[in-house]
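Everything below belongs to model.csv, which stores CSV, C-alpha atoms.
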```csv
chain,number,residue,atom,x,y,z
V,1,ASP,CA,-27.5,-20.1,-17.3
V,2,THR,CA,-24.7,-22.3,-18.5
V,3,GLY,CA,-23.0,-22.9,-15.1
V,4,VAL,CA,-23.0,-26.1,-13.0
V,5,SER,CA,-26.5,-26.9,-11.6
V,6,GLN,CA,-27.5,-29.1,-8.7
V,7,ASP,CA,-30.8,-30.5,-7.6
V,8,PRO,CA,-32.3,-30.4,-5.1
V,9,ARG,CA,-30.8,-27.4,-3.3
V,10,HIS,CA,-32.0,-28.6,0.1
V,11,LYS,CA,-33.0,-32.0,1.4
V,12,ILE,CA,-34.2,-33.0,4.8
V,13,THR,CA,-34.5,-36.7,5.5
V,14,LYS,CA,-34.8,-39.1,8.4
V,15,ARG,CA,-31.9,-41.3,9.5
V,16,GLY,CA,-31.9,-44.5,7.6
V,17,GLN,CA,-33.5,-43.2,4.4
V,18,ASN,CA,-31.8,-43.1,1.0
V,19,VAL,CA,-31.2,-39.8,-0.8
V,20,THR,CA,-30.0,-39.0,-4.4
V,21,PHE,CA,-28.6,-35.8,-5.6
V,22,ARG,CA,-28.1,-34.7,-9.2
V,23,CYS,CA,-25.4,-32.6,-10.8
V,24,ASP,CA,-25.4,-31.1,-14.3
V,25,PRO,CA,-21.9,-29.9,-15.3
V,26,ILE,CA,-21.0,-27.2,-17.8
V,27,SER,CA,-21.7,-28.9,-21.1
V,28,GLU,CA,-18.2,-29.1,-22.6
V,29,HIS,CA,-16.5,-30.2,-19.4
V,30,ASN,CA,-15.0,-33.7,-19.2
V,31,ARG,CA,-14.3,-33.8,-15.5
V,32,LEU,CA,-16.9,-33.9,-12.7
V,33,TYR,CA,-16.2,-33.8,-9.0
V,34,TRP,CA,-18.2,-34.4,-5.9
V,35,TYR,CA,-17.1,-32.7,-2.6
V,36,ARG,CA,-18.6,-32.5,0.9
V,37,GLN,CA,-18.3,-29.4,3.0
V,38,THR,CA,-19.2,-28.9,6.6
V,39,LEU,CA,-19.5,-25.6,8.5
V,40,GLY,CA,-16.2,-23.8,8.8
V,41,GLN,CA,-14.3,-26.2,6.6
V,42,GLY,CA,-13.1,-26.3,3.1
V,43,PRO,CA,-14.5,-28.8,0.6
V,44,GLU,CA,-13.5,-32.4,1.1
V,45,PHE,CA,-12.9,-34.4,-2.1
V,46,LEU,CA,-15.3,-37.4,-2.5
V,47,THR,CA,-14.9,-38.7,-6.0
V,48,TYR,CA,-14.2,-37.7,-9.6
V,49,PHE,CA,-15.2,-38.7,-13.1
V,50,GLN,CA,-13.4,-38.3,-16.4
V,51,ASN,CA,-16.3,-38.5,-18.9
V,52,GLU,CA,-18.3,-41.6,-17.7
V,53,ALA,CA,-15.4,-43.3,-15.9
V,54,GLN,CA,-15.1,-42.9,-12.1
V,55,LEU,CA,-11.3,-42.6,-11.7
V,56,GLU,CA,-10.8,-41.9,-8.0
V,57,LYS,CA,-12.7,-42.3,-4.8
V,58,SER,CA,-11.7,-40.8,-1.4
V,59,ARG,CA,-11.4,-43.1,1.5
V,60,LEU,CA,-14.0,-40.8,3.1
V,61,LEU,CA,-16.5,-42.3,0.7
V,62,SER,CA,-18.0,-45.3,2.6
V,63,ASP,CA,-19.8,-48.1,0.8
V,64,ARG,CA,-23.1,-46.3,1.6
V,65,PHE,CA,-22.1,-43.7,-1.0
V,66,SER,CA,-22.3,-44.3,-4.7
V,67,ALA,CA,-21.9,-42.0,-7.7
V,68,GLU,CA,-22.5,-42.5,-11.3
V,69,ARG,CA,-22.1,-40.5,-14.5
V,70,PRO,CA,-23.7,-42.9,-17.0
V,71,LYS,CA,-23.4,-40.9,-20.3
V,72,GLY,CA,-20.5,-38.6,-19.3
V,73,SER,CA,-22.9,-35.7,-18.8
V,74,PHE,CA,-24.9,-35.4,-15.6
V,75,SER,CA,-24.0,-37.3,-12.4
V,76,THR,CA,-25.9,-38.6,-9.4
V,77,LEU,CA,-24.6,-39.1,-5.9
V,78,GLU,CA,-26.6,-41.6,-3.8
V,79,ILE,CA,-26.3,-42.0,0.0
V,80,GLN,CA,-27.9,-45.1,1.4
V,81,ARG,CA,-29.0,-45.6,5.0
V,82,THR,CA,-28.3,-42.0,5.8
V,83,GLU,CA,-26.7,-41.1,9.2
V,84,GLN,CA,-26.8,-37.8,11.1
V,85,GLY,CA,-23.1,-37.4,10.3
V,86,ASP,CA,-23.9,-37.2,6.6
V,87,SER,CA,-25.5,-33.8,7.2
V,88,ALA,CA,-23.4,-31.4,5.1
V,89,MET,CA,-23.3,-29.4,1.9
V,90,TYR,CA,-22.7,-31.6,-1.1
V,91,LEU,CA,-20.9,-29.7,-3.9
V,92,CYS,CA,-20.4,-30.6,-7.5
V,93,ALA,CA,-17.8,-29.1,-9.7
V,94,SER,CA,-16.7,-29.5,-13.3
V,95,SER,CA,-13.6,-28.7,-15.3
V,96,LEU,CA,-12.3,-29.0,-18.9
V,97,GLY,CA,-9.3,-31.1,-17.7
V,98,GLY,CA,-5.8,-30.9,-18.9
V,99,GLN,CA,-3.2,-28.6,-17.5
V,100,GLN,CA,-5.6,-25.9,-16.5
V,101,GLU,CA,-7.5,-27.6,-13.8
V,102,THR,CA,-10.0,-24.8,-13.1
V,103,GLN,CA,-13.0,-26.2,-11.3
V,104,TYR,CA,-16.3,-24.5,-11.4
V,105,PHE,CA,-18.8,-25.2,-8.7
V,106,GLY,CA,-22.5,-25.6,-8.5
V,107,PRO,CA,-24.6,-24.0,-5.7
V,108,GLY,CA,-24.6,-27.2,-3.7
V,109,THR,CA,-27.2,-29.5,-2.1
V,110,ARG,CA,-27.6,-28.9,1.6
V,111,LEU,CA,-28.5,-32.2,3.4
V,112,LEU,CA,-29.9,-32.4,6.9
V,113,VAL,CA,-30.4,-35.9,8.4
V,114,LEU,CA,-32.7,-35.9,11.4
Y,1,GLN,CA,0.2,-30.4,9.9
Y,2,LYS,CA,-2.5,-29.7,7.3
Y,3,GLU,CA,-1.3,-29.4,3.7
Y,4,VAL,CA,-2.9,-26.0,3.3
Y,5,GLU,CA,-3.6,-23.7,6.3
Y,6,GLN,CA,-5.6,-20.6,6.6
Y,7,ASP,CA,-6.5,-18.4,9.5
Y,8,PRO,CA,-10.3,-18.9,9.9
Y,9,GLY,CA,-10.9,-15.3,11.0
Y,10,PRO,CA,-13.2,-13.5,11.1
Y,11,LEU,CA,-11.3,-10.7,9.6
Y,12,SER,CA,-13.2,-7.4,9.9
Y,13,VAL,CA,-12.1,-4.3,8.1
Y,14,PRO,CA,-13.7,-0.9,7.2
Y,15,GLU,CA,-15.0,-0.3,3.7
Y,16,GLY,CA,-12.3,0.9,1.3
Y,17,ALA,CA,-9.4,-0.7,3.2
Y,18,ILE,CA,-6.9,-3.0,1.5
Y,19,VAL,CA,-7.5,-6.6,2.6
Y,20,SER,CA,-4.7,-9.2,2.9
Y,21,LEU,CA,-5.7,-12.9,3.0
Y,22,ASN,CA,-3.1,-15.6,3.4
Y,23,CYS,CA,-2.4,-19.3,3.2
Y,24,THR,CA,0.6,-21.5,3.9
Y,25,TYR,CA,1.3,-24.8,2.3
Y,26,SER,CA,3.6,-27.7,3.1
Y,27,ASN,CA,4.2,-29.6,-0.2
Y,28,SER,CA,7.0,-28.4,-2.4
Y,29,ALA,CA,6.0,-30.3,-5.6
Y,30,PHE,CA,5.2,-28.3,-8.7
Y,31,GLN,CA,1.7,-27.0,-8.2
Y,32,TYR,CA,-0.8,-24.3,-8.8
Y,33,PHE,CA,-3.0,-22.3,-6.6
Y,34,MET,CA,-6.5,-21.0,-6.6
Y,35,TRP,CA,-8.6,-18.5,-4.6
Y,36,TYR,CA,-12.3,-19.0,-4.4
Y,37,ARG,CA,-14.9,-16.8,-2.8
Y,38,GLN,CA,-17.9,-18.4,-1.1
Y,39,TYR,CA,-21.0,-16.6,0.1
Y,40,SER,CA,-23.1,-18.1,2.8
Y,41,ARG,CA,-25.0,-21.2,1.7
Y,42,LYS,CA,-23.6,-20.9,-1.9
Y,43,GLY,CA,-21.0,-22.9,-3.8
Y,44,PRO,CA,-17.4,-21.6,-4.1
Y,45,GLU,CA,-16.8,-19.1,-7.0
Y,46,LEU,CA,-13.4,-19.0,-8.7
Y,47,LEU,CA,-11.6,-15.7,-8.2
Y,48,MET,CA,-8.0,-16.3,-9.4
Y,49,TYR,CA,-5.5,-19.0,-10.2
Y,50,THR,CA,-1.8,-18.9,-10.5
Y,51,TYR,CA,1.0,-21.4,-11.4
Y,52,SER,CA,4.1,-19.5,-10.6
Y,53,SER,CA,5.7,-17.2,-8.1
Y,54,GLY,CA,5.1,-13.5,-8.2
Y,55,ASN,CA,1.9,-11.5,-8.6
Y,56,LYS,CA,-1.2,-11.8,-10.8
Y,57,GLU,CA,-3.7,-9.0,-10.9
Y,58,ASP,CA,-7.4,-9.0,-11.9
Y,59,GLY,CA,-9.3,-5.8,-11.2
Y,60,ARG,CA,-9.3,-5.1,-7.5
Y,61,PHE,CA,-7.8,-8.6,-6.8
Y,62,THR,CA,-4.1,-9.5,-6.7
Y,63,ALA,CA,-2.8,-13.0,-6.0
Y,64,GLN,CA,0.7,-13.5,-4.8
Y,65,VAL,CA,2.8,-16.6,-4.5
Y,66,ASP,CA,6.0,-16.9,-2.6
Y,67,LYS,CA,7.3,-20.4,-3.2
Y,68,SER,CA,10.5,-19.9,-1.1
Y,69,SER,CA,8.4,-19.4,2.0
Y,70,LYS,CA,5.4,-21.5,0.8
Y,71,TYR,CA,3.1,-18.6,1.3
Y,72,ILE,CA,0.2,-17.4,-0.9
Y,73,SER,CA,-1.8,-14.2,-0.5
Y,74,LEU,CA,-4.9,-12.5,-1.9
Y,75,PHE,CA,-5.1,-8.8,-1.8
Y,76,ILE,CA,-8.4,-6.9,-2.3
Y,77,ARG,CA,-8.1,-3.2,-3.0
Y,78,ASP,CA,-10.9,-0.7,-2.3
Y,79,SER,CA,-12.9,-3.4,-0.4
Y,80,GLN,CA,-16.7,-3.3,-0.6
Y,81,PRO,CA,-19.4,-4.7,1.7
Y,82,SER,CA,-20.2,-7.1,-1.1
Y,83,ASP,CA,-16.7,-8.6,-0.7
Y,84,SER,CA,-17.9,-10.0,2.7
Y,85,ALA,CA,-17.6,-13.7,2.3
Y,86,THR,CA,-15.4,-16.7,3.1
Y,87,TYR,CA,-12.3,-16.9,1.0
Y,88,LEU,CA,-10.8,-20.3,0.3
Y,89,CYS,CA,-7.4,-21.1,-1.0
Y,90,ALA,CA,-6.8,-24.4,-2.8
Y,91,ARG,CA,-3.7,-26.1,-4.1
Y,92,GLY,CA,-3.5,-28.5,-7.0
Y,93,LEU,CA,-0.6,-30.7,-8.0
Y,94,MET,CA,0.5,-30.9,-11.6
Y,95,ASP,CA,1.0,-34.6,-11.4
Y,96,SER,CA,-2.4,-35.3,-9.7
Y,97,ASN,CA,-4.7,-33.2,-11.8
Y,98,TYR,CA,-8.0,-34.3,-10.4
Y,99,GLN,CA,-7.9,-33.1,-6.8
Y,100,LEU,CA,-7.6,-29.8,-5.1
Y,101,ILE,CA,-6.4,-29.5,-1.5
Y,102,TRP,CA,-8.3,-26.9,0.4
Y,103,GLY,CA,-7.7,-24.5,3.2
Y,104,ALA,CA,-10.6,-24.1,5.7
Y,105,GLY,CA,-11.3,-20.6,4.5
Y,106,THR,CA,-11.1,-17.1,6.1
Y,107,LYS,CA,-14.3,-15.3,6.8
Y,108,LEU,CA,-14.0,-11.6,5.7
Y,109,ILE,CA,-16.4,-8.9,6.9
Y,110,ILE,CA,-16.3,-5.5,5.3
Y,111,LYS,CA,-17.9,-2.9,7.5
Y,112,PRO,CA,-19.8,0.0,5.7
```
What's the structure tokens form of this structure?
Amino acid sequence: DTGVSQDPRHKITKRGQNVTFRCDPISEHNRLYWYRQTLGQGPEFLTYFQNEAQLEKSRLLSDRFSAERPKGSFSTLEIQRTEQGDSAMYLCASSLGGQQETQYFGPGTRLLVL
Amino acid sequence: QKEVEQDPGPLSVPEGAIVSLNCTYSNSAFQYFMWYRQYSRKGPELLMYTYSSGNKEDGRFTAQVDKSSKYISLFIRDSQPSDSATYLCARGLMDSNYQLIWGAGTKLIIKP
């Protein structure tokens, strides 16, 4: 399977714990995006990378959230001191970039903070 | 007013019917549009994208953009129970090519 993959698919954690999610984009894709989605809503943009450079962060992304893409391939999203309001589906997408900004999504990581 | 608006549904239709899903948007900048399908507890799957006004067809799916009324539509012909999902429309701006603005999605139910 050469699509976008995410790990883990599900995560249950206690409030205050740190969690880290991983995303592996489609191999030739330069751009990588993180979104958050809650029930009944569309995805909310969190951050995006062009190769290894993080070019934009949403104001939704508090200082408890950090994302990296160290070699321009896979990316990690870490949430520190999780809160119950962090419970959501975290989606990763990748794209080739350029004029055709077609984003392909992974299956998501569903986070539940107790 | 949200930038992209969709009726959340649910929209329930019998198998074989033609389905019409719609979005409205508020920004007039040069932009492109996408339709994604999302099954429960899965990531969104790209169905179609379009840059211009008019129709674009792909199998049973037709995307239509009316820029004068800021209205985009997705038509599904010969609907199947497997089409039951949430359909999300998204708008991208040509001068801001990193971010898509999403509607909340319309839940579609195809009854056998």
task: Pick out the chain V residues within 10 Å of chain Y. Count only C-alpha atoms. Give them as a count of residues only.
output: 41
- prompt: What is the distance between CA of Ser28 (chain Y) and CA of Ile76 (chain Y), in Å to one decimal?
  reply: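 Calculated distance between CA of Ser28 (chain Y) and CA of Ile76 (chain Y) is 26.4 Å.
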- prompt: Which is closest to Leu114 (chain V) among V:His29, V:Arg15, V:His10, V:Arg59, if we use only C-alpha atoms?
  reply: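 When distances to Leu114 (chain V) are compared using only C-alpha atoms, the smallest one comes from V:Arg15.
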Applying 10 Å and only C-alpha atoms, which residues near Leu11 (chain Y) remain after dropping the ones on its own chain fewer than 6 positions away? List them as a PDB file with C-alpha atoms, in the frame of the given file.
```
ATOM      1  CA  VAL Y  19      -7.500  -6.600   2.600  1.00  0.00           C
ATOM      2  CA  SER Y  20      -4.700  -9.200   2.900  1.00  0.00           C
ATOM      3  CA  LEU Y  21      -5.700 -12.900   3.000  1.00  0.00           C
ATOM      4  CA  SER Y  84     -17.900 -10.000   2.700  1.00  0.00           C
ATOM      5  CA  THR Y  86     -15.400 -16.700   3.100  1.00  0.00           C
ATOM      6  CA  THR Y 106     -11.100 -17.100   6.100  1.00  0.00           C
ATOM      7  CA  LYS Y 107     -14.300 -15.300   6.800  1.00  0.00           C
ATOM      8  CA  LEU Y 108     -14.000 -11.600   5.700  1.00  0.00           C
ATOM      9  CA  ILE Y 109     -16.400  -8.900   6.900  1.00  0.00           C
ATOM     10  CA  ILE Y 110     -16.300  -5.500   5.300  1.00  0.00           C
TER      11      ILE Y 110
END
```
- request: Fewer than 5 positions away in the same chain doesn't count, so skip those; otherwise give me all residues within 9 Å of region 64-67 of chain V, counting only C-alpha atoms, as a PyMOL selection string.
  value: chain V and resi 34+47+54+75-82
field: Two-atom distance - CA of Glu57 (chain Y), CA of Glu3 (chain Y) (Å)
entry: 25.2 Å
query: In terms of the shortest atom-to-atom distance over all atoms listed in the file, which of V:Gln84, V:Ser94, V:Asn51, V:Asn18 is closest to Ser5 (chain V)?
result: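 Using all atoms listed in the file, the shortest distance to Ser5 (chain V) belongs to V:Ser94.
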- line: Taken to one decimal, the CA of Arg36 (chain V)-CA of Leu74 (chain Y) distance is 24.4 Å
- prompt: Any idea what's packed within 9 Å of Ile72 (chain Y), counting only C-alpha atoms, ignoring anything in its chain fewer than 6 positions away? Could you give it as a PyMOL selection string?
  reply: chain Y and resi 21-25+33+63-66+89
Could you dump the residues just selected with C-alpha atoms as a PDB file, in the frame of the given file?
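To be explicit, this is the file written out as result.pdb:
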```
ATOM      1  CA  LEU Y  21      -5.700 -12.900   3.000  1.00  0.00           C
ATOM      2  CA  ASN Y  22      -3.100 -15.600   3.400  1.00  0.00           C
ATOM      3  CA  CYS Y  23      -2.400 -19.300   3.200  1.00  0.00           C
ATOM      4  CA  THR Y  24       0.600 -21.500   3.900  1.00  0.00           C
ATOM      5  CA  TYR Y  25       1.300 -24.800   2.300  1.00  0.00           C
ATOM      6  CA  PHE Y  33      -3.000 -22.300  -6.600  1.00  0.00           C
ATOM      7  CA  ALA Y  63      -2.800 -13.000  -6.000  1.00  0.00           C
ATOM      8  CA  GLN Y  64       0.700 -13.500  -4.800  1.00  0.00           C
ATOM      9  CA  VAL Y  65       2.800 -16.600  -4.500  1.00  0.00           C
ATOM     10  CA  ASP Y  66       6.000 -16.900  -2.600  1.00  0.00           C
ATOM     11  CA  CYS Y  89      -7.400 -21.100  -1.000  1.00  0.00           C
TER      12      CYS Y  89
END
```
With a distance cut-off of 10 Å and all atoms listed in the file, select the neighbouring residues of Arg60 (chain Y), excluding the residue or stretch itself and same-chain residues fewer than 3 positions from it, and output the selection as a PDB file with C-alpha atoms, keeping the file's coordinate frame.
```pdb
ATOM      1  CA  ILE Y  18      -6.900  -3.000   1.500  1.00  0.00           C
ATOM      2  CA  GLU Y  57      -3.700  -9.000 -10.900  1.00  0.00           C
ATOM      3  CA  PHE Y  75      -5.100  -8.800  -1.800  1.00  0.00           C
ATOM      4  CA  ILE Y  76      -8.400  -6.900  -2.300  1.00  0.00           C
ATOM      5  CA  ARG Y  77      -8.100  -3.200  -3.000  1.00  0.00           C
ATOM      6  CA  ASP Y  78     -10.900  -0.700  -2.300  1.00  0.00           C
ATOM      7  CA  SER Y  79     -12.900  -3.400  -0.400  1.00  0.00           C
TER       8      SER Y  79
END
```
- request: Kindly indicate which residue among Y:Pro112, Y:Lys70, Y:Ser52, Y:Gly59 lies nearest to Ser82 (chain Y), using only C-alpha atoms for the distances.
  value: Y:Pro112
